[in-house]
Amino acid sequence: MERVGHAVIVGCLIRNDSGRMLLIRHYRRGWEIPQGHVEAGEDVIQALQREVKEETGLLVNVGPLASVWSKLSSPPAIILNFLATSYGGVPTPSEESPEVGWFSEEEAMERMEHPANRDRLHSLLQYEGDTLFHAYSTSPYRVVRSAQ
């Protein structure tokens, strides 16, 4: 029997000293938090720091795991979302993210076009100390479970 696994993806909500949050614009998905796949041999923190640096040019201190999203439809994925703060670098566009910017919570929510990205950001904004869990499927997009 062939075993099919989930991709592991890490993402984070990065805030600056003014409380504004960093978003990137992806070519296909539109505006979102920085995120990407964990590569073989990486731990999730290393992967997150690498992805943020590649996509934004920033160095980050990774904080708490705020939410876990389980994508049930193909391709399946486990998405670990952290809170983070920037401690160095300058927001810089990349090949993966042609635009990078700091936004207020309201501006960030308005820019999110994809419902999964909007819901992920919303769950990060709701973080109060307990990691939130969500499961969802696509085509059509729907959240099938939410719990603490």
# chains A, B, ... in the order shown; residues from 1 in each chain; ligands from 1
>>> residues_around(residues="Leu132 in chain A", least_positions_apart="4", cutoff="10 Å", atoms="only C-alpha atoms", output="ChimeraX atom specification")
/A:65-69,81,123-124,126-128,146-148
>>> select_by_dssp(residues="chain A", states="strand (DSSP E or B)", output="mmCIF file with C-alpha atoms, in the first residue's frame")
data_model
loop_
_atom_site.group_PDB
_atom_site.id
_atom_site.type_symbol
_atom_site.label_atom_id
_atom_site.label_comp_id
_atom_site.auth_asym_id
_atom_site.auth_seq_id
_atom_site.Cartn_x
_atom_site.Cartn_y
_atom_site.Cartn_z
ATOM 1 C CA ALA A 7 2.979 18.544 3.165
ATOM 2 C CA VAL A 8 4.119 20.573 6.169
ATOM 3 C CA ILE A 9 3.823 24.318 5.670
ATOM 4 C CA VAL A 10 4.879 27.046 8.086
ATOM 5 C CA GLY A 11 3.663 30.630 8.130
ATOM 6 C CA CYS A 12 3.747 33.564 10.482
ATOM 7 C CA LEU A 13 2.184 36.836 11.389
ATOM 8 C CA ILE A 14 5.051 39.309 11.747
ATOM 9 C CA ARG A 15 4.516 42.589 13.572
ATOM 10 C CA MET A 21 1.795 43.408 10.201
ATOM 11 C CA LEU A 22 3.791 42.251 7.219
ATOM 12 C CA LEU A 23 2.056 40.816 4.166
ATOM 13 C CA ILE A 24 3.444 39.579 0.888
ATOM 14 C CA ARG A 25 1.669 39.421 -2.455
ATOM 15 C CA HIS A 26 1.999 36.034 -4.094
ATOM 16 C CA GLY A 30 -2.693 37.369 -3.759
ATOM 17 C CA TRP A 31 -1.879 38.928 -0.393
ATOM 18 C CA GLU A 32 -0.982 36.568 2.448
ATOM 19 C CA GLN A 35 4.652 30.990 4.379
ATOM 20 C CA GLY A 36 6.256 27.994 2.729
ATOM 21 C CA HIS A 37 7.113 24.303 2.820
ATOM 22 C CA LEU A 58 13.543 40.069 7.125
ATOM 23 C CA LEU A 59 15.047 38.201 10.066
ATOM 24 C CA VAL A 60 12.499 37.102 12.660
ATOM 25 C CA ASN A 61 12.237 35.883 16.210
ATOM 26 C CA VAL A 62 9.634 33.134 16.182
ATOM 27 C CA GLY A 63 7.075 33.233 18.982
ATOM 28 C CA PRO A 64 4.210 30.925 19.895
ATOM 29 C CA LEU A 65 2.419 28.456 17.647
ATOM 30 C CA ALA A 66 -0.921 30.241 17.329
ATOM 31 C CA SER A 67 -2.903 28.032 14.945
ATOM 32 C CA VAL A 68 -2.794 24.736 13.098
ATOM 33 C CA TRP A 69 -4.737 24.272 9.877
ATOM 34 C CA SER A 70 -5.303 20.838 8.392
ATOM 35 C CA LYS A 71 -6.041 20.954 4.661
ATOM 36 C CA ALA A 77 -1.192 19.808 4.122
ATOM 37 C CA ILE A 78 -0.617 20.658 7.750
ATOM 38 C CA ILE A 79 -0.122 24.414 8.113
ATOM 39 C CA LEU A 80 1.572 25.638 11.291
ATOM 40 C CA ASN A 81 1.099 29.364 11.921
ATOM 41 C CA PHE A 82 3.276 31.233 14.391
ATOM 42 C CA LEU A 83 3.517 34.760 15.724
ATOM 43 C CA ALA A 84 6.831 36.494 15.107
ATOM 44 C CA THR A 85 8.656 39.790 15.429
ATOM 45 C CA SER A 86 11.203 41.241 13.066
ATOM 46 C CA TYR A 87 14.660 42.057 14.384
ATOM 47 C CA GLY A 88 16.576 42.875 11.219
ATOM 48 C CA GLY A 89 16.566 43.311 7.497
ATOM 49 C CA GLU A 99 5.198 43.157 -3.211
ATOM 50 C CA VAL A 100 5.871 43.334 0.513
ATOM 51 C CA GLY A 101 4.338 45.811 2.931
ATOM 52 C CA TRP A 102 3.356 46.705 6.486
ATOM 53 C CA PHE A 103 -0.377 47.055 7.118
ATOM 54 C CA LEU A 132 -6.377 27.065 17.673
ATOM 55 C CA PHE A 133 -7.020 24.084 15.375
ATOM 56 C CA HIS A 134 -8.956 24.196 12.112
ATOM 57 C CA ALA A 135 -9.617 21.685 9.363
ATOM 58 C CA TYR A 136 -10.761 22.728 5.906
ATOM 59 C CA SER A 137 -11.318 21.535 2.385
ATOM 60 C CA ARG A 142 -15.196 25.326 3.746
ATOM 61 C CA VAL A 143 -14.002 25.015 7.319
ATOM 62 C CA VAL A 144 -15.127 21.632 8.636
ATOM 63 C CA ARG A 145 -13.780 21.868 12.207
ATOM 64 C CA SER A 146 -12.541 24.532 14.605
ATOM 65 C CA ALA A 147 -11.388 23.859 18.141
#
>>> closest_residue(among="A:Ser74, A:Ser139, A:Ser104, A:Ser94", to="Gly57 in chain A", atoms="only C-alpha atoms")
A:Ser94
>>> closest_residue(among="A:Ile45, A:Asn16, A:His6, A:Arg29", to="Asn117 in chain A", atoms="only C-alpha atoms")
A:Arg29
>>> closest_residue(among="A:Pro140, A:Pro98, A:Gly41, A:Gly129", to="Ala116 in chain A", atoms="only C-alpha atoms")
A:Pro140
>>> closest_residue(among="A:Arg120, A:Ala108, A:Ser97, A:Thr131", to="Thr56 in chain A", atoms="only C-alpha atoms")
A:Ser97
>>> closest_residue(among="A:Leu48, A:Tyr27, A:Arg20, A:Pro75", to="Glu107 in chain A", atoms="only C-alpha atoms")
A:Arg20
>>> select_by_dssp(residues="chain A", states="helix (DSSP H, G or I)", output="PyMOL selection string")
chain A and resi 44-56+105-111+115-125
>>> closest_residue(among="A:Met112, A:Arg50, A:Glu55, A:Asp17", to="Glu95 in chain A", atoms="only C-alpha atoms")
A:Glu55
>>> atom_distance(atom1="CA of Pro34 in chain A", atom2="CA of Glu51 in chain A")
7.2 Å
>>> atom_distance(atom1="CA of Asp119 in chain A", atom2="CA of Glu42 in chain A")
26.8 Å
>>> decode(residues="range 22-121 of chain A", atoms="C-alpha atoms", output="PDB file, in the first residue's frame")
ATOM      1  CA  LEU A  22       3.791  42.251   7.219  1.00  0.00           C
ATOM      2  CA  LEU A  23       2.056  40.816   4.166  1.00  0.00           C
ATOM      3  CA  ILE A  24       3.444  39.579   0.888  1.00  0.00           C
ATOM      4  CA  ARG A  25       1.669  39.421  -2.455  1.00  0.00           C
ATOM      5  CA  HIS A  26       1.999  36.034  -4.094  1.00  0.00           C
ATOM      6  CA  TYR A  27       1.589  35.866  -7.879  1.00  0.00           C
ATOM      7  CA  ARG A  28      -1.348  33.388  -7.758  1.00  0.00           C
ATOM      8  CA  ARG A  29      -2.833  33.624  -4.268  1.00  0.00           C
ATOM      9  CA  GLY A  30      -2.693  37.369  -3.759  1.00  0.00           C
ATOM     10  CA  TRP A  31      -1.879  38.928  -0.393  1.00  0.00           C
ATOM     11  CA  GLU A  32      -0.982  36.568   2.448  1.00  0.00           C
ATOM     12  CA  ILE A  33       1.307  36.105   5.422  1.00  0.00           C
ATOM     13  CA  PRO A  34       4.790  34.776   4.629  1.00  0.00           C
ATOM     14  CA  GLN A  35       4.652  30.990   4.379  1.00  0.00           C
ATOM     15  CA  GLY A  36       6.256  27.994   2.729  1.00  0.00           C
ATOM     16  CA  HIS A  37       7.113  24.303   2.820  1.00  0.00           C
ATOM     17  CA  VAL A  38       9.364  22.663   5.388  1.00  0.00           C
ATOM     18  CA  GLU A  39      12.178  20.983   3.478  1.00  0.00           C
ATOM     19  CA  ALA A  40      13.746  17.618   4.338  1.00  0.00           C
ATOM     20  CA  GLY A  41      16.195  17.983   7.214  1.00  0.00           C
ATOM     21  CA  GLU A  42      14.750  21.283   8.490  1.00  0.00           C
ATOM     22  CA  ASP A  43      12.940  21.811  11.725  1.00  0.00           C
ATOM     23  CA  VAL A  44       9.863  24.020  11.556  1.00  0.00           C
ATOM     24  CA  ILE A  45      11.565  27.069  13.098  1.00  0.00           C
ATOM     25  CA  GLN A  46      14.494  26.897  10.661  1.00  0.00           C
ATOM     26  CA  ALA A  47      12.055  26.519   7.780  1.00  0.00           C
ATOM     27  CA  LEU A  48      10.001  29.496   8.912  1.00  0.00           C
ATOM     28  CA  GLN A  49      13.035  31.730   9.331  1.00  0.00           C
ATOM     29  CA  ARG A  50      14.350  30.660   5.894  1.00  0.00           C
ATOM     30  CA  GLU A  51      11.001  31.235   4.163  1.00  0.00           C
ATOM     31  CA  VAL A  52      10.551  34.681   5.733  1.00  0.00           C
ATOM     32  CA  LYS A  53      14.086  35.732   4.737  1.00  0.00           C
ATOM     33  CA  GLU A  54      13.621  34.418   1.169  1.00  0.00           C
ATOM     34  CA  GLU A  55      10.212  36.042   0.692  1.00  0.00           C
ATOM     35  CA  THR A  56      10.712  39.313   2.574  1.00  0.00           C
ATOM     36  CA  GLY A  57      14.374  39.935   3.397  1.00  0.00           C
ATOM     37  CA  LEU A  58      13.543  40.069   7.125  1.00  0.00           C
ATOM     38  CA  LEU A  59      15.047  38.201  10.066  1.00  0.00           C
ATOM     39  CA  VAL A  60      12.499  37.102  12.660  1.00  0.00           C
ATOM     40  CA  ASN A  61      12.237  35.883  16.210  1.00  0.00           C
ATOM     41  CA  VAL A  62       9.634  33.134  16.182  1.00  0.00           C
ATOM     42  CA  GLY A  63       7.075  33.233  18.982  1.00  0.00           C
ATOM     43  CA  PRO A  64       4.210  30.925  19.895  1.00  0.00           C
ATOM     44  CA  LEU A  65       2.419  28.456  17.647  1.00  0.00           C
ATOM     45  CA  ALA A  66      -0.921  30.241  17.329  1.00  0.00           C
ATOM     46  CA  SER A  67      -2.903  28.032  14.945  1.00  0.00           C
ATOM     47  CA  VAL A  68      -2.794  24.736  13.098  1.00  0.00           C
ATOM     48  CA  TRP A  69      -4.737  24.272   9.877  1.00  0.00           C
ATOM     49  CA  SER A  70      -5.303  20.838   8.392  1.00  0.00           C
ATOM     50  CA  LYS A  71      -6.041  20.954   4.661  1.00  0.00           C
ATOM     51  CA  LEU A  72      -8.028  17.807   3.930  1.00  0.00           C
ATOM     52  CA  SER A  73      -8.424  18.130   0.156  1.00  0.00           C
ATOM     53  CA  SER A  74      -5.703  17.473  -2.379  1.00  0.00           C
ATOM     54  CA  PRO A  75      -2.894  18.262  -1.971  1.00  0.00           C
ATOM     55  CA  PRO A  76      -3.246  17.642   1.786  1.00  0.00           C
ATOM     56  CA  ALA A  77      -1.192  19.808   4.122  1.00  0.00           C
ATOM     57  CA  ILE A  78      -0.617  20.658   7.750  1.00  0.00           C
ATOM     58  CA  ILE A  79      -0.122  24.414   8.113  1.00  0.00           C
ATOM     59  CA  LEU A  80       1.572  25.638  11.291  1.00  0.00           C
ATOM     60  CA  ASN A  81       1.099  29.364  11.921  1.00  0.00           C
ATOM     61  CA  PHE A  82       3.276  31.233  14.391  1.00  0.00           C
ATOM     62  CA  LEU A  83       3.517  34.760  15.724  1.00  0.00           C
ATOM     63  CA  ALA A  84       6.831  36.494  15.107  1.00  0.00           C
ATOM     64  CA  THR A  85       8.656  39.790  15.429  1.00  0.00           C
ATOM     65  CA  SER A  86      11.203  41.241  13.066  1.00  0.00           C
ATOM     66  CA  TYR A  87      14.660  42.057  14.384  1.00  0.00           C
ATOM     67  CA  GLY A  88      16.576  42.875  11.219  1.00  0.00           C
ATOM     68  CA  GLY A  89      16.566  43.311   7.497  1.00  0.00           C
ATOM     69  CA  VAL A  90      14.528  45.514   5.217  1.00  0.00           C
ATOM     70  CA  PRO A  91      11.237  44.406   3.624  1.00  0.00           C
ATOM     71  CA  THR A  92      12.258  43.533   0.082  1.00  0.00           C
ATOM     72  CA  PRO A  93      10.235  41.967  -2.761  1.00  0.00           C
ATOM     73  CA  SER A  94      11.485  38.659  -4.161  1.00  0.00           C
ATOM     74  CA  GLU A  95      10.820  36.338  -7.090  1.00  0.00           C
ATOM     75  CA  GLU A  96       8.075  34.669  -5.017  1.00  0.00           C
ATOM     76  CA  SER A  97       6.613  37.869  -3.613  1.00  0.00           C
ATOM     77  CA  PRO A  98       6.671  40.907  -5.926  1.00  0.00           C
ATOM     78  CA  GLU A  99       5.198  43.157  -3.211  1.00  0.00           C
ATOM     79  CA  VAL A 100       5.871  43.334   0.513  1.00  0.00           C
ATOM     80  CA  GLY A 101       4.338  45.811   2.931  1.00  0.00           C
ATOM     81  CA  TRP A 102       3.356  46.705   6.486  1.00  0.00           C
ATOM     82  CA  PHE A 103      -0.377  47.055   7.118  1.00  0.00           C
ATOM     83  CA  SER A 104      -2.831  47.707   9.924  1.00  0.00           C
ATOM     84  CA  GLU A 105      -5.117  44.827  10.907  1.00  0.00           C
ATOM     85  CA  GLU A 106      -7.997  46.382   8.979  1.00  0.00           C
ATOM     86  CA  GLU A 107      -5.892  47.006   5.857  1.00  0.00           C
ATOM     87  CA  ALA A 108      -4.493  43.469   5.993  1.00  0.00           C
ATOM     88  CA  MET A 109      -7.939  41.860   6.237  1.00  0.00           C
ATOM     89  CA  GLU A 110      -9.193  43.986   3.328  1.00  0.00           C
ATOM     90  CA  ARG A 111      -6.307  42.845   1.103  1.00  0.00           C
ATOM     91  CA  MET A 112      -6.863  39.119   1.676  1.00  0.00           C
ATOM     92  CA  GLU A 113      -8.688  37.731  -1.352  1.00  0.00           C
ATOM     93  CA  HIS A 114      -8.469  33.991  -0.765  1.00  0.00           C
ATOM     94  CA  PRO A 115     -10.876  32.835   1.972  1.00  0.00           C
ATOM     95  CA  ALA A 116      -8.357  30.372   3.460  1.00  0.00           C
ATOM     96  CA  ASN A 117      -5.755  33.134   3.796  1.00  0.00           C
ATOM     97  CA  ARG A 118      -8.348  35.493   5.285  1.00  0.00           C
ATOM     98  CA  ASP A 119      -9.458  32.865   7.818  1.00  0.00           C
ATOM     99  CA  ARG A 120      -5.858  32.028   8.749  1.00  0.00           C
ATOM    100  CA  LEU A 121      -5.070  35.697   9.358  1.00  0.00           C
TER     101      LEU A 121
END
